[in-house]
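S.K.: Handing you this structure, nothing more for now.
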Number of protein chains: 2
Amino acid sequence: MHTFLMILIMLNWEIGVGREPETFVPATVPGACQMDIAKSENYPSWQFSDNYKMFGWMEDVDFTYRTSFDKPVLKRGESLWLCSKGIDYQCEISINGVQVATHEGALSPVQVRLDEYLQAKDNVLKVVILKAPKRPGVPKGREEASYCCKPPVSYEWDWHPRLIPSGIWDETSLVIRKSAWIENTGISYELSDDFSSADLHVDVLTAGKVKGTSLRFTLLDAAGNKVFSRKGSDSSALGGVLENPELWWTWDHGEPYVYTYEVELLSSNGEILDKVTGQTGFRRVRLVMNTDSWAKPDGKVKTRSDAPAQIELNGRRIFAKGSNWVAPEVFIGYADQKRYNEMIDLGIKANFNIFRCWGGCAPSKDAFYDECDRRGILVWQEFPLACNKYPDDPHYLAVLEQEARSIVRRIRNHPCLAILCGGNELFTSWSGMDDQALPLRLLNKICYELAPEIPFNMTSPLNGMAHGYYLFKDGDQTVHQWMDEARCTAYTEFGVPGVSPREVLEKIIPEDELFPVGPTTAWAVHHAFYAWDGKPATWIDLETIKYFFGEPTSLDDLIRKSSIIQGEGYKAIYEEARRQKPHCAMAMCWDFNEPWPAAANNSITTYPAVPKGCFPSVSAACRPICSSAKFMKYQWTASETLEFTLWLLNDTFGKTPAPYTMTAILVAPDGTQTELQSWTTPSAADNENIQGPCVKTVLPTWDGACTFTVKVLVSGHPEMDSSYTLAYKK
Amino acid sequence: MHTFLMILIMLNWEIGVGREPETFVPATVPGACQMDIAKSENYPSWQFSDNYKMFGWMEDVDFTYRTSFDKPVLKRGESLWLCSKGIDYQCEISINGVQVATHEGALSPVQVRLDEYLQAKDNVLKVVILKAPKRPGVPKGREEASYCCKPPVSYEWDWHPRLIPSGIWDETSLVIRKSAWIENTGISYELSDDFSSADLHVDVLTAGKVKGTSLRFTLLDAAGNKVFSRKGSDSSALGGVLENPELWWTWDHGEPYVYTYEVELLSSNGEILDKVTGQTGFRRVRLVMNTDSWAKPDGKVKTRSDAPAQIELNGRRIFAKGSNWVAPEVFIGYADQKRYNEMIDLGIKANFNIFRCWGGCAPSKDAFYDECDRRGILVWQEFPLACNKYPDDPHYLAVLEQEARSIVRRIRNHPCLAILCGGNELFTSWSGMDDQALPLRLLNKICYELAPEIPFNMTSPLNGMAHGYYLFKDGDQTVHQWMDEARCTAYTEFGVPGVSPREVLEKIIPEDELFPVGPTTAWAVHHAFYAWDGKPATWIDLETIKYFFGEPTSLDDLIRKSSIIQGEGYKAIYEEARRQKPHCAMAMCWDFNEPWPAAANNSITTYPAVPKGCFPSVSAACRPICSSAKFMKYQWTASETLEFTLWLLNDTFGKTPAPYTMTAILVAPDGTQTELQSWTTPSAADNENIQGPCVKTVLPTWDGACTFTVKVLVSGHPEMDSSYTLAYKK
């Protein structure tokens, strides 16, 4: 939601350490205290080796932002405000030495009226940022964030260094307001059963001297034509029926048609006092029971059926393919529209139609949701709770309520919003929350009140859904075996690790440590070693690479081999999840992006927006319609009978795909191709996969090879071809 | 909550059929329209044979209650109200021909101010009761109640005839109110970690001319001593810390200590304008994760852990033993304190510490919760939703919200209240609701707002809990096998059918049909045949009786054999559930009581309050501490090795039970006793069961016998002895 007509006065900020700094240095707003200090003190790149540790002392100090300004001319009825979309995390605001506000919570707007305290010249505005909140008496790490609404990822994760940002992180300026203004706008609607009309409700919260004012609501189509307009003394008069709305679809199912809304607040004589505009769109999104979930459990002593995990978009049960979205910047104030757009563009290139915005990080800036609207990607948005036991404590609940209401109000009008969720992995032993936890019951209440039409889950996974696993090989099994054994309604997290591209590694690892790879400081703090679950070589997973392909001979060889593992692993999981449709309805890898340039981890892109070697495999596995081959294991031996089953994977509607002829081809290490079998599919129904024959062939003996390839070519449809690089052992 | 000081004017009501009856007959208030008409028309007993069908026509007519009264003297500031605790289900209220109110929902109080419409004499007050609500376009049965808050059981169940009550069903009178009055009072508190103090909050809603009034809150202990008192201009002043509160416990864990509270509304000159009094008590009740639930699921691809189902009372994890409570009367207006008290007394005799008040029926009258407080039985209270798909419809949600708020406000102060629950079996194929259903999200929200300290479940069962099974034998298995295979956190429903006592059968079955038993009308409508799941002989289950014990030779023989089956079945289930502690934390049979005198079903008492033959076995299986023997099957054959495992079942705390010596004895059909084995238990810890040795003996050949007995005697503790009647085959 963007506000117009108000006069914005941009400020030049400076910053210092402590509550009464002796010296101030220039501050970037929006930004982060830590970055301003680092810049002023000429810190070397915090992304290189373990330089980020230089920021450690900044956790436990306060910072003071300072700016000064002359009193602007205010017309009769006007007032002057400090308006910020976000200050991280606790602050005290003073003007000319008088404290006028305190605030806790980075995700709620801060609005402070200032004009009553002003002198004509050189008014001094200060924002004191309190040191990072830490729950006392707990070990260093994410649990320190378990009594506040600070994103816990900043306190260290298995792919994120300990770096706790703070400061003014979103748009902030002085604002001259007229006598009344608009606080927020909620647009809701019911689509008729046949989607031919939308019954609109508009809920506008105004403030100031609102007596005698009126409101005007206008809806514009994508071409800018006014298609709906109402005026009235309050928002109850702004609703009505819009005939023939264009529906919003994900890019893979139709057009992500976006409308623009305008709300104007008018004085009694027709003057426009305030105006807000934003994006909206028409879609009905539900979480419904997965196909066949009602049939289970069976038997005499019966528990409940699985929770619903099937997205129904505009009446269509769609398969959700996507990934887990985390913050694109450690210092989230530096995330900008350009970054969001290039990342979302990569999401489209990966053939994703959903992002799960993970609760360990903060929700995104407005630009993210705007672009997801426009590009047609669904958003599963979590509140900032992850892997902790958040308490039933009154103060925590009050801050959570404020933050959650702000988040829902800010994003509820976006058609991309598909699911609201309490947070990540809260119903697990390492978190310790359950269905009775008051923070989650509170979030249900808030979402019910502000956006009842959006599905709400307390956490992920719920029963039937699954998280895990996060390696390609463990013990005697690879992803092929455990995915074949799993039968989940939704795979909302799964990971396969891979090494980052050379261009990233060169920026973060000292040159003399680049190869051979070992658990040096630079590799370790960039999560190649000792990062996860007590295992020494995560996420670089050298053992698996060596097991299948032998010792890497160079950095490029390592990256190539690691990328094969990561690409083939993700391909196996995405394709198997799709084969389990319709019981399964979602597949989202852990994770899409990262704010920290890891040397190795589960993401499919590396900071800032670099696709990793596995990226093309992920993209291929998520094509709306494609050929597929199911292998029950990864490594095959000379003279062994190679077996795999052919599949047509089809998530499309309305195409009534013609029969396709697929040919399975064995590609020897020297490139020799042998045609194994052809299969002509029957016609597929909408959204229907088709299982084909099992192809069998005795593998020849190849010398000096550790891989071979199976291709599945689709006659006349090269865009549906698939290719699998498998491990070979003589 | 009871109101004093207001002047109540009792009315003589009469009733007629239709909106403008030609004739009126005397009405019993509280009561039911149907019973008044039946009485006036001299209907025969509706419980006998299929006489209840005579009530069928009354579903589809309106009824009109009428009364007349002279205007009472009202002092300055006083007003006259019609106050009803409950009118079932939709009504229109008029005074002297002027419609002054309409109402929907039997569970919310109705309050209508009348004095503005009165003449001096012969004011005519009418209450038109609308015909029974039925969702159009659905088959006859419970689904007709799926769009309203009417208890669905009335529309027919497998143990309840189709009889839909309506009318004024709870206390109703004219009330003279002073200038202001108390609408409701909520008492909440946090107990300190060591339970040594309670931080009280009192929330009083007042109405009328409240300006200048003040409130006084007083707490009295069980002896009537004032232990806490506060006065203030609003309820925020009424709270404070109570030191050393006596804790409320279930009867089996301590004393159910009950306090009385009084709230007085005072005028500016100190006059008492209104006063309410009620019961409360101090306990902390939580649902926490069952022991070892966090350890599951295990593996690489993981869903969530089971939902919490372990009750923690005042910090003590207790095993919940009980039963499902349904309405004690079909025409619930006729339920009275005497009936509630005698039924609760039977619950104590059964060694139960919890009732699950099932969502297919309406919540009870106040007297029920008062007595559960006093006797120390926990209440799991469901909202009136069961086995239907209740809609996301705005009208339904509005009525549900009104009804749910009324229910929670009415019962929240009772210390017996342990769990609030959305309703019965809603997450199952035959209901079709899921976690996204707005009615359940709304109920969670309302409970969070009004009673956040009380655990809330959307439905039963949740994942890990179970319902079922409802027979003793099915196929080749008996309860022994399927309970051994089950591993649930809570068995919140399970049934074993049994025939009712002769005294009940004689009241409902024509004498010439009593024996031999067959699927006659009287047996069938009393649920002995064709009642459940397409099976012909439920609930009489003649096949099972014949299978183990041969053809019954008389009615008394049938009842005796059926009672053995039901008693041994329930004993096996309760004891196995207890053996599965601590993973399992609850066992509640389906069901405790019944409002309809069934010929056979799963209840352990028969209408009105008659213990069935199985009752002593249920009571024995639920003793806080007792011996137990686990059998893996029910029927044993001559020369076969009889095997069973000895157990000490111990749900007690603070007793540090001494070692016990148990002796297992085989009792032959002729009464000959053979000592098989003795076992001296180690000392048991609080709440700890102990598994003993497996006893084995080769069974002799007995002629002409179909049963034998195993006894487990506890030396010096006959109150802990157990006995099992098993089936024998030569």
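Just remember, in the structure tokens the first chain shown is A, the second B, etc., residues are 1-based per chain, and ligands are 1-based in the order shown.
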Select, as a ChimeraX atom specification, those residues of chain A with any atom no more than 7 Å from chain B (distances computed using only C-alpha atoms).
M.R.: /A:294,300-305,307-308,427-429,434-436,441,444-445,448,455-456,461-469,486
S.K.: Taking only segment 418-545 of chain A into account, list the residues labelled alpha helix (DSSP H) by DSSP (computed from the backbone), as a PyMOL selection string.
M.R.: chain A and resi 438-450+479-485+502-508+521-525+542-545
S.K.: Please determine, counting only C-alpha atoms, which residue among A:Cys626, A:Val285, A:Met343, A:Ile187 has the shortest atom-to-atom distance to His717 of chain A.
M.R.: A:Cys626
S.K.: At what distance in Å, to one decimal, does atom CA of Leu107 of chain B lie from atom CA of Ser406 of chain B?
M.R.: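 Going from atom CA of Ser406 of chain B over to atom CA of Leu107 of chain B, I get 6.7 Å.
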S.K.: So that I can see what lies close to segment 202-205 of chain A, please list as a VMD selection string the residues with an atom at most 7 Å from it, counting only C-alpha atoms and leaving out residues fewer than 5 positions away in the same chain.
M.R.: chain A and resid 182 to 188 235 to 236 238 to 239
S.K.: Next, dump the selected residues to file, keeping only all heavy atoms, as a compact mmCIF listing (two decimals), in the first residue's frame.
M.R.:
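To be explicit, this is the file written out as selection07.txt:
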# COMPACT_ATOMS: atom_id res chain seq x y z
N ILE A 182 -5.60 8.15 6.11
CA ILE A 182 -5.96 6.73 6.03
C ILE A 182 -4.87 5.91 6.71
O ILE A 182 -3.69 6.05 6.39
CB ILE A 182 -6.11 6.31 4.55
CG1 ILE A 182 -7.26 7.09 3.90
CG2 ILE A 182 -6.32 4.79 4.44
CD1 ILE A 182 -7.29 7.01 2.39
N GLU A 183 -5.27 5.07 7.66
CA GLU A 183 -4.30 4.21 8.35
C GLU A 183 -4.05 2.92 7.58
O GLU A 183 -2.91 2.52 7.38
CB GLU A 183 -4.79 3.88 9.76
CG GLU A 183 -4.76 5.05 10.72
CD GLU A 183 -3.39 5.24 11.37
OE1 GLU A 183 -2.49 4.43 11.11
OE2 GLU A 183 -3.24 6.22 12.12
N ASN A 184 -5.12 2.27 7.20
CA ASN A 184 -4.95 1.07 6.39
C ASN A 184 -6.25 0.68 5.71
O ASN A 184 -7.32 1.18 6.08
CB ASN A 184 -4.37 -0.10 7.19
CG ASN A 184 -5.26 -0.51 8.33
OD1 ASN A 184 -6.38 -0.97 8.10
ND2 ASN A 184 -4.80 -0.30 9.55
N THR A 185 -6.13 -0.16 4.72
CA THR A 185 -7.27 -0.56 3.89
C THR A 185 -7.26 -2.07 3.72
O THR A 185 -6.23 -2.65 3.37
CB THR A 185 -7.18 0.10 2.49
OG1 THR A 185 -7.21 1.51 2.66
CG2 THR A 185 -8.33 -0.35 1.60
N GLY A 186 -8.39 -2.67 3.99
CA GLY A 186 -8.51 -4.11 3.74
C GLY A 186 -9.57 -4.35 2.67
O GLY A 186 -10.68 -3.85 2.76
N ILE A 187 -9.18 -5.11 1.68
CA ILE A 187 -10.12 -5.44 0.60
C ILE A 187 -10.39 -6.94 0.66
O ILE A 187 -9.46 -7.75 0.62
CB ILE A 187 -9.53 -5.08 -0.77
CG1 ILE A 187 -9.29 -3.57 -0.83
CG2 ILE A 187 -10.45 -5.54 -1.91
CD1 ILE A 187 -8.45 -3.16 -2.00
N SER A 188 -11.64 -7.30 0.79
CA SER A 188 -11.97 -8.72 0.75
C SER A 188 -13.16 -8.90 -0.19
O SER A 188 -13.81 -7.92 -0.58
CB SER A 188 -12.28 -9.24 2.15
OG SER A 188 -13.38 -8.55 2.70
N SER A 235 -16.71 3.15 5.30
CA SER A 235 -16.27 2.12 4.35
C SER A 235 -17.35 1.10 4.05
O SER A 235 -17.26 0.39 3.05
CB SER A 235 -14.98 1.45 4.83
OG SER A 235 -15.11 0.92 6.11
N SER A 236 -18.41 1.04 4.89
CA SER A 236 -19.46 0.07 4.59
C SER A 236 -20.14 0.38 3.26
O SER A 236 -20.76 -0.49 2.66
CB SER A 236 -20.49 0.05 5.73
OG SER A 236 -21.16 1.29 5.79
N LEU A 238 -18.58 1.28 0.54
CA LEU A 238 -17.62 1.19 -0.57
C LEU A 238 -17.69 -0.15 -1.30
O LEU A 238 -17.07 -0.31 -2.35
CB LEU A 238 -16.19 1.41 -0.06
CG LEU A 238 -15.96 2.75 0.68
CD1 LEU A 238 -14.50 2.87 1.06
CD2 LEU A 238 -16.39 3.94 -0.18
N GLY A 239 -18.41 -1.12 -0.72
CA GLY A 239 -18.44 -2.43 -1.34
C GLY A 239 -19.49 -2.54 -2.43
O GLY A 239 -20.19 -1.59 -2.75
S.K.: Got a sec: who's within 9 Å of segment 517-519 of chain A, counting only C-alpha atoms, leaving out chain neighbours fewer than 5 positions off, as a PyMOL selection string?
M.R.: chain A and resi 524+528-530+536-537+555
S.K.: List every residue of segment 232-265 of chain B that DSSP, applied to the backbone of this structure, places in strand (DSSP E), and write the result as a PyMOL selection string.
M.R.: chain B and resi 232+240-243+259-265
S.K.: List the spatial neighbours of segment 661-676 of chain B as a VMD selection string - criterion: any atom at most 7 Å away, only C-alpha atoms, same-chain residues fewer than 3 positions off excluded.
M.R.: chain B and resid 679 to 681 705 707 to 715
S.K.: Find the residues near Pro552 of chain A: any atom within 12 Å, counting only C-alpha atoms, skip ones fewer than 2 places away on the same chain, and give them as an MDAnalysis selection string.
M.R.: chainID A and resid 515:517 542:550 554:562
S.K.: Need the shell around segment 377-389 of chain A: protein/DNA/RNA residues with any atom at most 7 Å away, counting only C-alpha atoms. Skip same-chain ones fewer than 3 positions apart. Format as a PyMOL selection string?
M.R.: chain A and resi 143+146+149+151-152+250-251+353-362+372-373+404+416-426+430-433
S.K.: So how many Å separate atom CA of Gly376 of chain A and atom CA of Pro256 of chain A, to one decimal?
M.R.: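 Distance reported for this atom pair: 4.7 Å.
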